[in-house]
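Working notes, structure below.
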Amino acid sequence: MAITALAVTSTTAQKYFTKEGNITFHAGTSVEDIDATNTTATCVIDAATGDMEWSVLVKGFKFKRALMEEHFNENYMESNTFPKSSFKGKIDNISSVKFTADGTYKVKVSGKLTMHGQTKDISTDGTITVKGGTITADSKFFVNPADFKIEVPATNKDKISNKVEIVVSANLAELKK
Amino acid sequence: MLKKILIVGLILLAIGIGIGAYLWNKPHRTAENEKPVATLTAENLFVEFSETEQAAQGKYLDKTIQVSGTINNVSTTETGDTKVTLATSDMLAEIVCLMKAGENVSALTSGTVVAIKGICIGYNTDVQLQQCVVVKE
């Protein structure tokens with residue numbers, strides 16, 4: 001219910017929100033493509049403080065192959081036990097983003113990424129694009145499954161990268177009170 | 001003797017390839033032929049998740065459930081899936097239903113009541129169901 005709480009308290013601070021954020025990852029190697037996309041991630045950005053939050057349901061990642069999706073959920077992410085992944089952090093240089101002026105702004109983001117029940121500090125570069133009152137947030141970063149206690153069996157070590165690329169993109173609209 | 005071993009070997013190989021091909025092309029699990037573990041309204045499902053998320057997860061996560069409610073919106077996601085949203089009493093919260101590929105939603109319009117069966121994947125502002133089908137009366 002954090003979102004509702006935000007809506008109530010956002011009388012002064014400007015917040016942007018979406019429930020239709022896209023998160024795609026590429027976990028494959030030259031041996032095999034392992035790609036999946038989720039189109040129902042939530043993202044909230046506080047334009048005043050730079051606070052940023054993402055949240056996504058792990059079972060919502062769609063794979064082309066059903067078997068891959070099954071393995072992802074059951075063997076790697078254990079999504080029955082850990083149904084959500086999230087990021088809570090900050091746009092460190094929020095003051096350089098002019099939410100009232102159209103343009104593309106380079107940002108630095110740092111915070112805590114939680115998945116598979118493990119939390120790690122991460123930092124990455126991204127862009128905020130302001131256009132006619134809506135904003136787009138884009139970023140790309142890499143994670144190592146081992147850092148989140150996701151075990152890759154020896155037989156699949158050549159198929160699953162230890163540098164999984166995660167691409168996030170969201171079109172956010174002003175959160176109405 | 002050698003011939004027998006060869007024939008048995010070939011049969012095993014054929015079975016192996018058959019199983020491999022089946023697994024590789026295995027269809028996605030959908031709600032279509034599953035019996036719902038619960039039938040409830042969009043509002044009741046939302047209240048259960050927003051008030052007692054852990055308990056609701058235990059009951060519904062990864063299970064097929066049937067939900068009835070008023071349609072807010074029918075749209076297509078960036079990955080080409082059909083999305084039907086059902087209203088709750090909270091302005092910001094909906095039941096989001098991603099339909100199974102090829103499901104016919106031409107009869108669904110905003111403001112009408114529908115029953116949808118889908119696999120529950122959890123709560124993230126919205127309660128989300130996927131691989132959904134429209135339940136015919």
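Following the order of the structure tokens, chains are lettered A, B, ..., residues in each are numbered from 1, and ligands are numbered from 1.
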So that each row is one residue of stretch 26-143 of chain A with an atom at most 12 Å from stretch 41-63 of chain B, can you give its shortest atom pair and the distance in Å to one decimal, using only C-alpha atoms, rows by chain and rising number, as a Markdown table?
```
| residue | atom | partner | partner_atom | distance |
| --- | --- | --- | --- | --- |
| A:Leu57 | CA | B:Leu61 | CA | 11.0 |
| A:Val58 | CA | B:Asp62 | CA | 11.3 |
| A:Lys59 | CA | B:Asp62 | CA | 8.4 |
| A:Gly60 | CA | B:Asp62 | CA | 10.9 |
| A:Glu70 | CA | B:Asp62 | CA | 11.6 |
| A:Asn73 | CA | B:Asp62 | CA | 10.5 |
| A:Glu74 | CA | B:Asp62 | CA | 11.2 |
| A:Glu78 | CA | B:Asp62 | CA | 11.8 |
| A:Ser79 | CA | B:Asp62 | CA | 9.1 |
| A:Asn80 | CA | B:Leu61 | CA | 7.0 |
| A:Thr81 | CA | B:Gln57 | CA | 9.5 |
| A:Phe82 | CA | B:Gln57 | CA | 10.5 |
| A:Pro83 | CA | B:Leu61 | CA | 8.5 |
| A:Lys84 | CA | B:Gln57 | CA | 11.3 |
```
For all heavy atoms, I'd like the residues from the last selection saved as a compact mmCIF listing (two decimals), in the first residue's frame.
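This is the output file part.txt:
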```txt
# COMPACT_ATOMS: atom_id res chain seq x y z
N LEU A 57 7.03 -8.46 -10.50
CA LEU A 57 6.69 -9.84 -10.15
C LEU A 57 7.51 -10.79 -11.03
O LEU A 57 7.45 -10.73 -12.26
CB LEU A 57 5.19 -10.10 -10.34
CG LEU A 57 4.28 -9.30 -9.41
CD1 LEU A 57 2.81 -9.55 -9.75
CD2 LEU A 57 4.55 -9.63 -7.96
N VAL A 58 8.27 -11.66 -10.36
CA VAL A 58 9.21 -12.53 -11.07
C VAL A 58 8.49 -13.45 -12.05
O VAL A 58 8.97 -13.69 -13.16
CB VAL A 58 10.02 -13.36 -10.04
CG1 VAL A 58 10.92 -14.36 -10.74
CG2 VAL A 58 10.84 -12.43 -9.15
N LYS A 59 7.31 -13.95 -11.66
CA LYS A 59 6.58 -14.86 -12.54
C LYS A 59 6.04 -14.18 -13.79
O LYS A 59 5.56 -14.84 -14.70
CB LYS A 59 5.40 -15.50 -11.79
CG LYS A 59 5.84 -16.53 -10.76
CD LYS A 59 4.63 -17.11 -10.05
CE LYS A 59 5.05 -18.00 -8.91
NZ LYS A 59 5.73 -19.23 -9.39
N GLY A 60 6.12 -12.85 -13.83
CA GLY A 60 5.63 -12.12 -15.00
C GLY A 60 6.64 -12.03 -16.12
O GLY A 60 6.34 -11.43 -17.16
N GLU A 70 9.89 -22.18 -16.98
CA GLU A 70 9.71 -23.07 -15.84
C GLU A 70 11.01 -23.19 -15.03
O GLU A 70 11.01 -23.07 -13.81
CB GLU A 70 9.33 -24.44 -16.40
CG GLU A 70 8.38 -25.25 -15.57
CD GLU A 70 7.99 -26.51 -16.34
OE1 GLU A 70 7.11 -26.41 -17.21
OE2 GLU A 70 8.59 -27.58 -16.09
N ASN A 73 11.81 -19.98 -13.08
CA ASN A 73 10.99 -19.81 -11.88
C ASN A 73 11.31 -20.83 -10.80
O ASN A 73 11.42 -20.49 -9.63
CB ASN A 73 9.50 -19.88 -12.23
CG ASN A 73 9.00 -18.57 -12.81
OD1 ASN A 73 8.96 -17.56 -12.13
ND2 ASN A 73 8.65 -18.59 -14.09
N GLU A 74 11.44 -22.10 -11.22
CA GLU A 74 11.57 -23.16 -10.22
C GLU A 74 13.00 -23.38 -9.75
O GLU A 74 13.25 -23.52 -8.55
CB GLU A 74 11.00 -24.47 -10.78
CG GLU A 74 9.49 -24.40 -10.92
CD GLU A 74 8.90 -25.59 -11.65
OE1 GLU A 74 9.63 -26.58 -11.91
OE2 GLU A 74 7.70 -25.52 -11.97
N GLU A 78 13.37 -19.27 -7.87
CA GLU A 78 12.50 -19.82 -6.81
C GLU A 78 11.36 -18.85 -6.51
O GLU A 78 11.17 -18.40 -5.38
CB GLU A 78 13.32 -20.13 -5.56
CG GLU A 78 14.44 -21.13 -5.84
CD GLU A 78 15.26 -21.46 -4.61
OE1 GLU A 78 14.77 -22.24 -3.80
OE2 GLU A 78 16.38 -20.92 -4.47
N SER A 79 10.59 -18.55 -7.55
CA SER A 79 9.61 -17.46 -7.47
C SER A 79 8.40 -17.77 -6.58
O SER A 79 7.64 -16.88 -6.24
CB SER A 79 9.14 -17.06 -8.87
OG SER A 79 8.54 -18.17 -9.51
N ASN A 80 8.21 -19.04 -6.20
CA ASN A 80 7.14 -19.31 -5.23
C ASN A 80 7.54 -18.79 -3.85
O ASN A 80 6.70 -18.37 -3.07
CB ASN A 80 6.83 -20.81 -5.15
CG ASN A 80 5.90 -21.24 -6.27
OD1 ASN A 80 5.19 -20.42 -6.86
ND2 ASN A 80 5.92 -22.52 -6.59
N THR A 81 8.83 -18.81 -3.56
CA THR A 81 9.33 -18.31 -2.28
C THR A 81 9.64 -16.82 -2.35
O THR A 81 9.43 -16.08 -1.39
CB THR A 81 10.61 -19.08 -1.88
OG1 THR A 81 10.39 -20.48 -2.09
CG2 THR A 81 10.96 -18.84 -0.43
N PHE A 82 10.18 -16.38 -3.50
CA PHE A 82 10.57 -14.98 -3.67
C PHE A 82 9.83 -14.37 -4.87
O PHE A 82 10.43 -14.20 -5.94
CB PHE A 82 12.09 -14.86 -3.89
CG PHE A 82 12.91 -15.61 -2.87
CD1 PHE A 82 13.64 -16.74 -3.24
CD2 PHE A 82 12.97 -15.19 -1.54
CE1 PHE A 82 14.40 -17.44 -2.31
CE2 PHE A 82 13.73 -15.87 -0.61
CZ PHE A 82 14.44 -17.00 -0.99
N PRO A 83 8.54 -14.06 -4.70
CA PRO A 83 7.75 -13.65 -5.88
C PRO A 83 8.10 -12.29 -6.46
O PRO A 83 7.77 -12.01 -7.59
CB PRO A 83 6.31 -13.67 -5.37
CG PRO A 83 6.39 -13.66 -3.89
CD PRO A 83 7.72 -14.23 -3.50
N LYS A 84 8.78 -11.43 -5.67
CA LYS A 84 9.06 -10.07 -6.16
C LYS A 84 10.55 -9.77 -6.21
O LYS A 84 11.31 -10.24 -5.37
CB LYS A 84 8.43 -9.05 -5.22
CG LYS A 84 7.00 -8.74 -5.52
CD LYS A 84 6.51 -7.61 -4.63
CE LYS A 84 5.22 -8.01 -3.99
NZ LYS A 84 4.60 -6.95 -3.20
```
_Within 7 Å of A:Tyr105 using only C-alpha atoms, minus same-chain residues under 5 positions, as a list of chain:residue names_ = A:Val97, A:Thr127, A:Ile128, A:Thr129
Based on the selection just made, write N, CA and C atoms of those residues as a PDB file, in the first residue's frame.
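Output contents, as saved in again-v3.pdb:
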```
ATOM      1  N   VAL A  97      18.401  17.312 -13.340  1.00  0.00           N
ATOM      2  CA  VAL A  97      17.247  16.986 -14.188  1.00  0.00           C
ATOM      3  C   VAL A  97      16.196  18.081 -14.052  1.00  0.00           C
ATOM      4  N   THR A 127      19.306   7.395 -18.250  1.00  0.00           N
ATOM      5  CA  THR A 127      18.840   8.688 -18.764  1.00  0.00           C
ATOM      6  C   THR A 127      17.400   8.918 -18.324  1.00  0.00           C
ATOM      7  N   ILE A 128      17.085  10.182 -18.122  1.00  0.00           N
ATOM      8  CA  ILE A 128      15.705  10.620 -17.900  1.00  0.00           C
ATOM      9  C   ILE A 128      15.375  11.530 -19.081  1.00  0.00           C
ATOM     10  N   THR A 129      14.329  11.178 -19.803  1.00  0.00           N
ATOM     11  CA  THR A 129      13.904  12.021 -20.924  1.00  0.00           C
ATOM     12  C   THR A 129      12.581  12.683 -20.570  1.00  0.00           C
TER      13      THR A 129
END
```
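If you measure from each of B:Ala93, B:Val74, B:Leu86, B:Val135 to chain A using only C-alpha atoms, the closest one turns out to be B:Ala93.
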*Pull the alpha helix (DSSP H) assignments for stretch 4-135 of chain B out of DSSP run on the backbone, and list those residues as a ChimeraX atom specification.*
/B:4-24,42-51,53-60
Written file, previous selection with N, CA and C atoms, as a tab-separated table (two decimals), in the first residue's frame:
```
chain	number	residue	atom	x	y	z
B	4	LYS	N	20.66	-56.86	-32.43
B	4	LYS	CA	19.66	-56.56	-31.40
B	4	LYS	C	20.04	-55.30	-30.61
B	5	ILE	N	21.31	-55.27	-30.21
B	5	ILE	CA	21.79	-54.13	-29.42
B	5	ILE	C	21.62	-52.84	-30.23
B	6	LEU	N	21.95	-52.95	-31.51
B	6	LEU	CA	21.84	-51.79	-32.40
B	6	LEU	C	20.39	-51.30	-32.49
B	7	ILE	N	19.46	-52.27	-32.65
B	7	ILE	CA	18.05	-51.89	-32.77
B	7	ILE	C	17.56	-51.24	-31.48
B	8	VAL	N	17.90	-51.86	-30.33
B	8	VAL	CA	17.49	-51.30	-29.04
B	8	VAL	C	18.07	-49.89	-28.89
B	9	GLY	N	19.34	-49.77	-29.29
B	9	GLY	CA	20.01	-48.47	-29.20
B	9	GLY	C	19.30	-47.42	-30.02
B	10	LEU	N	18.92	-47.79	-31.23
B	10	LEU	CA	18.23	-46.84	-32.12
B	10	LEU	C	16.87	-46.44	-31.56
B	11	ILE	N	16.17	-47.44	-30.99
B	11	ILE	CA	14.86	-47.13	-30.40
B	11	ILE	C	15.02	-46.14	-29.24
B	12	LEU	N	16.00	-46.40	-28.36
B	12	LEU	CA	16.25	-45.50	-27.23
B	12	LEU	C	16.60	-44.10	-27.70
B	13	LEU	N	17.42	-44.05	-28.77
B	13	LEU	CA	17.82	-42.76	-29.33
B	13	LEU	C	16.59	-42.00	-29.83
B	14	ALA	N	15.69	-42.73	-30.54
B	14	ALA	CA	14.47	-42.11	-31.08
B	14	ALA	C	13.60	-41.58	-29.95
B	15	ILE	N	13.49	-42.38	-28.87
B	15	ILE	CA	12.68	-41.93	-27.72
B	15	ILE	C	13.30	-40.67	-27.11
B	16	GLY	N	14.62	-40.72	-26.99
B	16	GLY	CA	15.35	-39.57	-26.42
B	16	GLY	C	15.11	-38.31	-27.22
B	17	ILE	N	15.23	-38.43	-28.54
B	17	ILE	CA	15.01	-37.26	-29.40
B	17	ILE	C	13.57	-36.79	-29.28
B	18	GLY	N	12.65	-37.76	-29.20
B	18	GLY	CA	11.23	-37.43	-29.07
B	18	GLY	C	10.97	-36.63	-27.79
B	19	ILE	N	11.52	-37.09	-26.67
B	19	ILE	CA	11.33	-36.40	-25.38
B	19	ILE	C	11.96	-35.01	-25.45
B	20	GLY	N	13.15	-34.95	-26.02
B	20	GLY	CA	13.86	-33.67	-26.14
B	20	GLY	C	13.04	-32.67	-26.94
B	21	ALA	N	12.51	-33.13	-28.08
B	21	ALA	CA	11.72	-32.24	-28.94
B	21	ALA	C	10.46	-31.77	-28.22
B	22	TYR	N	9.86	-32.72	-27.46
B	22	TYR	CA	8.64	-32.35	-26.73
B	22	TYR	C	8.96	-31.27	-25.70
B	23	LEU	N	10.01	-31.48	-24.92
B	23	LEU	CA	10.36	-30.51	-23.88
B	23	LEU	C	10.72	-29.16	-24.48
B	24	TRP	N	11.48	-29.19	-25.58
B	24	TRP	CA	11.93	-27.95	-26.22
B	24	TRP	C	10.73	-27.14	-26.73
B	42	ALA	N	-13.25	-9.34	-7.99
B	42	ALA	CA	-12.03	-8.54	-8.13
B	42	ALA	C	-11.76	-7.80	-6.82
B	43	GLU	N	-12.80	-7.23	-6.23
B	43	GLU	CA	-12.64	-6.46	-5.00
B	43	GLU	C	-12.14	-7.33	-3.85
B	44	ASN	N	-12.74	-8.52	-3.68
B	44	ASN	CA	-12.32	-9.40	-2.59
B	44	ASN	C	-10.89	-9.88	-2.77
B	45	LEU	N	-10.50	-10.15	-4.02
B	45	LEU	CA	-9.13	-10.59	-4.28
B	45	LEU	C	-8.15	-9.47	-3.93
B	46	PHE	N	-8.47	-8.25	-4.34
B	46	PHE	CA	-7.62	-7.10	-4.04
B	46	PHE	C	-7.50	-6.89	-2.53
B	47	VAL	N	-8.62	-6.96	-1.82
B	47	VAL	CA	-8.61	-6.74	-0.37
B	47	VAL	C	-7.74	-7.80	0.32
B	48	GLU	N	-7.86	-9.05	-0.11
B	48	GLU	CA	-7.04	-10.10	0.50
B	48	GLU	C	-5.55	-9.82	0.32
B	49	PHE	N	-5.16	-9.40	-0.89
B	49	PHE	CA	-3.74	-9.15	-1.13
B	49	PHE	C	-3.27	-7.87	-0.45
B	50	SER	N	-4.09	-6.82	-0.44
B	50	SER	CA	-3.62	-5.56	0.12
B	50	SER	C	-3.58	-5.61	1.64
B	51	GLU	N	-4.43	-6.43	2.25
B	51	GLU	CA	-4.46	-6.48	3.72
B	51	GLU	C	-3.59	-7.58	4.29
B	53	GLU	N	-1.01	-9.82	2.51
B	53	GLU	CA	-0.33	-10.27	1.30
B	53	GLU	C	0.27	-11.67	1.45
B	54	GLN	N	0.95	-11.91	2.58
B	54	GLN	CA	1.59	-13.21	2.77
B	54	GLN	C	0.58	-14.35	2.69
B	55	ALA	N	-0.54	-14.17	3.40
B	55	ALA	CA	-1.57	-15.22	3.44
B	55	ALA	C	-2.17	-15.42	2.05
B	56	ALA	N	-2.42	-14.31	1.35
B	56	ALA	CA	-3.01	-14.41	0.02
B	56	ALA	C	-2.05	-15.10	-0.95
B	57	GLN	N	-0.74	-14.79	-0.79
B	57	GLN	CA	0.26	-15.47	-1.63
B	57	GLN	C	0.22	-16.97	-1.40
B	58	GLY	N	0.14	-17.35	-0.13
B	58	GLY	CA	0.09	-18.78	0.21
B	58	GLY	C	-1.10	-19.46	-0.44
B	59	LYS	N	-2.21	-18.75	-0.51
B	59	LYS	CA	-3.43	-19.35	-1.06
B	59	LYS	C	-3.46	-19.37	-2.58
B	60	TYR	N	-2.96	-18.29	-3.20
B	60	TYR	CA	-3.22	-18.11	-4.64
B	60	TYR	C	-2.01	-18.13	-5.56
```
*Selected residue, from B:Val134, B:Ala101, B:Ile71, B:Val114, that lies nearest to chain A when counting only C-alpha atoms*: B:Ala101
*Return the neighbours of chain B among the residues of chain A, cut-off 12 Å, counting only C-alpha atoms, as an NGL selection string.*
:A and (1-8 or 17-24 or 36-44 or 54-71 or 73-74 or 78-86 or 169-171 or 175-177)
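The interatomic distance for the pair atom CA of B:Leu40 and atom CA of B:Val67 works out to 5.2 Å.
Considering only C-alpha atoms, the residue among A:Asp46, A:Glu165, A:Asp147, A:Glu32 positioned nearest to A:Ile135 is A:Asp46.
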*Just list the residues in chain B DSSP gives strand (DSSP E) on the backbone, as a PyMOL selection string.*
chain B and resi 38-41+64-76+82-87+94-99+113-124+126-134
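The smallest atom-to-atom distance between A:Gly126 and any of A:Lys108, A:Lys159, A:Lys149, A:Lys98, using only C-alpha atoms, is found for A:Lys108.
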